[in-house]
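*Asks:* Let me give you the structure first, and then I'll get to my questions.
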Amino acid sequence: MKRVGRELGVRYVLEGSVRRGGDRVRIAAQLIDAETDAHIWADRFDGSLEDVFDLQDKVASSVAGVIEPTLRAAGDCPLGEPPDN
């Protein structure tokens, strides 16, 4: 994971999978600190194919909610400025 983070120029890597069963979809995601290889967050999101974009938004919001306090504490994301990655 360190190599992936270095090649992409990022501190965090989001990996996961999408599985489909009939008209249902499951998104499994985990957030990894590329520098330490530590798993920071993992979750699973279930829904219908019709709501796949809502599921995508839920994943993005959940990840942002986990990363944002860490970036602020590290001084990497000053208040009012979005992070670069």
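Letters for chains follow the order of the structure tokens (A, B, ...), residue numbers begin at 1 for each chain, and ligand numbers begin at 1 in the order shown.
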Could you pull the residues within 9 Å of Ala29 of chain A, counting only C-alpha atoms, minus those fewer than 3 positions along the same chain, as a PyMOL selection string?

*Replies:* chain A and resi 14-18+41-45+59

*Asks:* Those same residues, written as a compact mmCIF listing (two decimals), in the first residue's frame with N, CA and C atoms?

*Replies:*
# COMPACT_ATOMS: atom_id res chain seq x y z
N LEU A 14 -8.51 4.45 -0.78
CA LEU A 14 -9.81 3.83 -0.59
C LEU A 14 -9.88 2.63 -1.51
N GLU A 15 -10.11 1.46 -0.93
CA GLU A 15 -10.26 0.27 -1.76
C GLU A 15 -11.57 -0.41 -1.40
N GLY A 16 -12.06 -1.18 -2.34
CA GLY A 16 -13.31 -1.85 -2.05
C GLY A 16 -13.80 -2.68 -3.21
N SER A 17 -15.07 -3.04 -3.11
CA SER A 17 -15.67 -3.86 -4.14
C SER A 17 -17.14 -3.50 -4.28
N VAL A 18 -17.67 -3.86 -5.43
CA VAL A 18 -19.10 -3.67 -5.70
C VAL A 18 -19.62 -5.03 -6.16
N TRP A 41 -10.86 2.92 8.44
CA TRP A 41 -12.33 2.86 8.39
C TRP A 41 -12.74 1.79 7.41
N ALA A 42 -13.86 1.13 7.71
CA ALA A 42 -14.45 0.19 6.76
C ALA A 42 -15.95 0.19 6.97
N ASP A 43 -16.69 0.00 5.90
CA ASP A 43 -18.14 -0.05 6.01
C ASP A 43 -18.70 -0.74 4.78
N ARG A 44 -19.99 -1.06 4.89
CA ARG A 44 -20.70 -1.72 3.81
C ARG A 44 -21.99 -0.95 3.56
N PHE A 45 -22.32 -0.78 2.29
CA PHE A 45 -23.51 -0.03 1.91
C PHE A 45 -24.35 -0.89 0.98
N VAL A 59 -21.07 6.69 0.51
CA VAL A 59 -19.67 6.27 0.66
C VAL A 59 -18.76 7.50 0.72

*Asks:* When you look at segment 56-58 of chain A with a cut-off of 9 Å (counting only C-alpha atoms), what residues show up, excluding the ones that are within fewer than 5 positions of it in the same chain? I need them as a PyMOL selection string.

*Replies:* chain A and resi 27+45+51+63

*Asks:* Which one is closest to Gly21 of chain A: A:Ser48, A:Ser61, A:Thr70, A:Thr36? Count only C-alpha atoms.

*Replies:*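 Closest to Gly21 of chain A, using only C-alpha atoms: A:Ser48.
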
*Asks:* Check the smallest atom-to-atom distance from each of A:Asp46, A:Glu7, A:Glu68, A:Asp37 to Val25 of chain A using only C-alpha atoms, then report the winner.

*Replies:*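 Among the listed residues, the smallest separation from Val25 of chain A belongs to A:Asp46.
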
*Asks:* Please extract the residues of segment 2-71 of chain A with a backbone DSSP assignment of strand (DSSP E) and present them as a PyMOL selection string.

*Replies:* chain A and resi 12-21+24-33+38-48

*Asks:* Could the residues in this selection be saved with N, CA and C atoms as a PDB file, in the first residue's frame?

*Replies:*
ATOM      1  N   TYR A  12      -3.982   8.653   1.784  1.00  0.00           N
ATOM      2  CA  TYR A  12      -5.025   7.663   2.040  1.00  0.00           C
ATOM      3  C   TYR A  12      -5.441   6.984   0.752  1.00  0.00           C
ATOM      4  N   VAL A  13      -5.728   5.696   0.860  1.00  0.00           N
ATOM      5  CA  VAL A  13      -6.196   4.927  -0.291  1.00  0.00           C
ATOM      6  C   VAL A  13      -7.528   4.292   0.088  1.00  0.00           C
ATOM      7  N   LEU A  14      -8.508   4.451  -0.780  1.00  0.00           N
ATOM      8  CA  LEU A  14      -9.815   3.834  -0.585  1.00  0.00           C
ATOM      9  C   LEU A  14      -9.880   2.632  -1.515  1.00  0.00           C
ATOM     10  N   GLU A  15     -10.114   1.456  -0.934  1.00  0.00           N
ATOM     11  CA  GLU A  15     -10.262   0.266  -1.762  1.00  0.00           C
ATOM     12  C   GLU A  15     -11.568  -0.410  -1.401  1.00  0.00           C
ATOM     13  N   GLY A  16     -12.061  -1.182  -2.338  1.00  0.00           N
ATOM     14  CA  GLY A  16     -13.313  -1.853  -2.048  1.00  0.00           C
ATOM     15  C   GLY A  16     -13.803  -2.675  -3.209  1.00  0.00           C
ATOM     16  N   SER A  17     -15.072  -3.035  -3.106  1.00  0.00           N
ATOM     17  CA  SER A  17     -15.673  -3.863  -4.138  1.00  0.00           C
ATOM     18  C   SER A  17     -17.142  -3.497  -4.283  1.00  0.00           C
ATOM     19  N   VAL A  18     -17.672  -3.855  -5.430  1.00  0.00           N
ATOM     20  CA  VAL A  18     -19.098  -3.675  -5.702  1.00  0.00           C
ATOM     21  C   VAL A  18     -19.624  -5.030  -6.157  1.00  0.00           C
ATOM     22  N   ARG A  19     -20.682  -5.492  -5.492  1.00  0.00           N
ATOM     23  CA  ARG A  19     -21.303  -6.765  -5.865  1.00  0.00           C
ATOM     24  C   ARG A  19     -22.770  -6.538  -6.173  1.00  0.00           C
ATOM     25  N   ARG A  20     -23.224  -7.292  -7.142  1.00  0.00           N
ATOM     26  CA  ARG A  20     -24.616  -7.151  -7.562  1.00  0.00           C
ATOM     27  C   ARG A  20     -25.325  -8.491  -7.418  1.00  0.00           C
ATOM     28  N   GLY A  21     -26.536  -8.429  -6.900  1.00  0.00           N
ATOM     29  CA  GLY A  21     -27.389  -9.599  -6.804  1.00  0.00           C
ATOM     30  C   GLY A  21     -28.789  -9.195  -7.213  1.00  0.00           C
ATOM     31  N   ARG A  24     -30.192  -5.629  -6.522  1.00  0.00           N
ATOM     32  CA  ARG A  24     -29.540  -5.097  -5.320  1.00  0.00           C
ATOM     33  C   ARG A  24     -28.043  -4.945  -5.572  1.00  0.00           C
ATOM     34  N   VAL A  25     -27.428  -4.021  -4.874  1.00  0.00           N
ATOM     35  CA  VAL A  25     -25.991  -3.802  -4.988  1.00  0.00           C
ATOM     36  C   VAL A  25     -25.422  -3.598  -3.592  1.00  0.00           C
ATOM     37  N   ARG A  26     -24.218  -4.094  -3.399  1.00  0.00           N
ATOM     38  CA  ARG A  26     -23.507  -3.904  -2.133  1.00  0.00           C
ATOM     39  C   ARG A  26     -22.151  -3.303  -2.446  1.00  0.00           C
ATOM     40  N   ILE A  27     -21.848  -2.201  -1.787  1.00  0.00           N
ATOM     41  CA  ILE A  27     -20.547  -1.555  -1.906  1.00  0.00           C
ATOM     42  C   ILE A  27     -19.824  -1.768  -0.582  1.00  0.00           C
ATOM     43  N   ALA A  28     -18.666  -2.397  -0.645  1.00  0.00           N
ATOM     44  CA  ALA A  28     -17.818  -2.569   0.532  1.00  0.00           C
ATOM     45  C   ALA A  28     -16.583  -1.704   0.320  1.00  0.00           C
ATOM     46  N   ALA A  29     -16.230  -0.924   1.317  1.00  0.00           N
ATOM     47  CA  ALA A  29     -15.097  -0.006   1.170  1.00  0.00           C
ATOM     48  C   ALA A  29     -14.276   0.020   2.442  1.00  0.00           C
ATOM     49  N   GLN A  30     -12.994   0.233   2.268  1.00  0.00           N
ATOM     50  CA  GLN A  30     -12.124   0.445   3.420  1.00  0.00           C
ATOM     51  C   GLN A  30     -11.096   1.519   3.090  1.00  0.00           C
ATOM     52  N   LEU A  31     -10.817   2.319   4.079  1.00  0.00           N
ATOM     53  CA  LEU A  31      -9.868   3.417   3.947  1.00  0.00           C
ATOM     54  C   LEU A  31      -8.581   3.021   4.645  1.00  0.00           C
ATOM     55  N   ILE A  32      -7.470   3.153   3.940  1.00  0.00           N
ATOM     56  CA  ILE A  32      -6.179   2.737   4.468  1.00  0.00           C
ATOM     57  C   ILE A  32      -5.216   3.914   4.437  1.00  0.00           C
ATOM     58  N   ASP A  33      -4.478   4.083   5.528  1.00  0.00           N
ATOM     59  CA  ASP A  33      -3.413   5.075   5.585  1.00  0.00           C
ATOM     60  C   ASP A  33      -2.231   4.473   4.829  1.00  0.00           C
ATOM     61  N   ALA A  38      -2.231   1.225   8.008  1.00  0.00           N
ATOM     62  CA  ALA A  38      -3.284   1.040   9.022  1.00  0.00           C
ATOM     63  C   ALA A  38      -4.662   1.192   8.387  1.00  0.00           C
ATOM     64  N   HIS A  39      -5.571   0.315   8.776  1.00  0.00           N
ATOM     65  CA  HIS A  39      -6.963   0.426   8.338  1.00  0.00           C
ATOM     66  C   HIS A  39      -7.649   1.460   9.222  1.00  0.00           C
ATOM     67  N   ILE A  40      -8.164   2.508   8.614  1.00  0.00           N
ATOM     68  CA  ILE A  40      -8.754   3.610   9.350  1.00  0.00           C
ATOM     69  C   ILE A  40     -10.256   3.447   9.477  1.00  0.00           C
ATOM     70  N   TRP A  41     -10.864   2.922   8.442  1.00  0.00           N
ATOM     71  CA  TRP A  41     -12.326   2.860   8.394  1.00  0.00           C
ATOM     72  C   TRP A  41     -12.742   1.790   7.412  1.00  0.00           C
ATOM     73  N   ALA A  42     -13.857   1.134   7.706  1.00  0.00           N
ATOM     74  CA  ALA A  42     -14.446   0.186   6.758  1.00  0.00           C
ATOM     75  C   ALA A  42     -15.950   0.188   6.973  1.00  0.00           C
ATOM     76  N   ASP A  43     -16.686   0.000   5.898  1.00  0.00           N
ATOM     77  CA  ASP A  43     -18.140  -0.046   6.010  1.00  0.00           C
ATOM     78  C   ASP A  43     -18.702  -0.744   4.778  1.00  0.00           C
ATOM     79  N   ARG A  44     -19.986  -1.064   4.890  1.00  0.00           N
ATOM     80  CA  ARG A  44     -20.697  -1.724   3.805  1.00  0.00           C
ATOM     81  C   ARG A  44     -21.987  -0.951   3.561  1.00  0.00           C
ATOM     82  N   PHE A  45     -22.323  -0.783   2.290  1.00  0.00           N
ATOM     83  CA  PHE A  45     -23.506  -0.029   1.911  1.00  0.00           C
ATOM     84  C   PHE A  45     -24.346  -0.886   0.975  1.00  0.00           C
ATOM     85  N   ASP A  46     -25.604  -1.093   1.330  1.00  0.00           N
ATOM     86  CA  ASP A  46     -26.521  -1.900   0.532  1.00  0.00           C
ATOM     87  C   ASP A  46     -27.647  -1.032  -0.009  1.00  0.00           C
ATOM     88  N   GLY A  47     -28.095  -1.345  -1.211  1.00  0.00           N
ATOM     89  CA  GLY A  47     -29.223  -0.618  -1.788  1.00  0.00           C
ATOM     90  C   GLY A  47     -29.623  -1.214  -3.120  1.00  0.00           C
ATOM     91  N   SER A  48     -30.573  -0.576  -3.760  1.00  0.00           N
ATOM     92  CA  SER A  48     -31.031  -1.052  -5.064  1.00  0.00           C
ATOM     93  C   SER A  48     -30.213  -0.391  -6.167  1.00  0.00           C
TER      94      SER A  48
END

*Asks:* Atom CA of Ile67 of chain A and atom CA of Arg11 of chain A are how many Å apart?

*Replies:*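 Spanning atom CA of Ile67 of chain A to atom CA of Arg11 of chain A is a straight-line distance of 10.2 Å.
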
*Asks:* Can you measure atom CA of Pro69 of chain A to atom CA of Ala34 of chain A for me? One decimal in Å is fine.

*Replies:*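 Between atom CA of Pro69 of chain A and atom CA of Ala34 of chain A the gap is 17.2 Å.
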
*Asks:* Please extract the residues of segment 6-52 of chain A with a backbone DSSP assignment of alpha helix (DSSP H) and present them as a CSV table (one decimal) with C-alpha atoms, in the first residue's frame.

*Replies:*
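Ended up saving to part_37.csv:
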chain,number,residue,atom,x,y,z
A,6,ARG,CA,3.7,7.0,-3.2
A,7,GLU,CA,2.8,6.4,-6.9
A,8,LEU,CA,-0.5,8.2,-6.6
A,52,VAL,CA,-26.7,3.4,-6.8

*Asks:* By how many Å are atom CA of Leu71 of chain A and atom CA of Met1 of chain A apart?

*Replies:* 19.4 Å
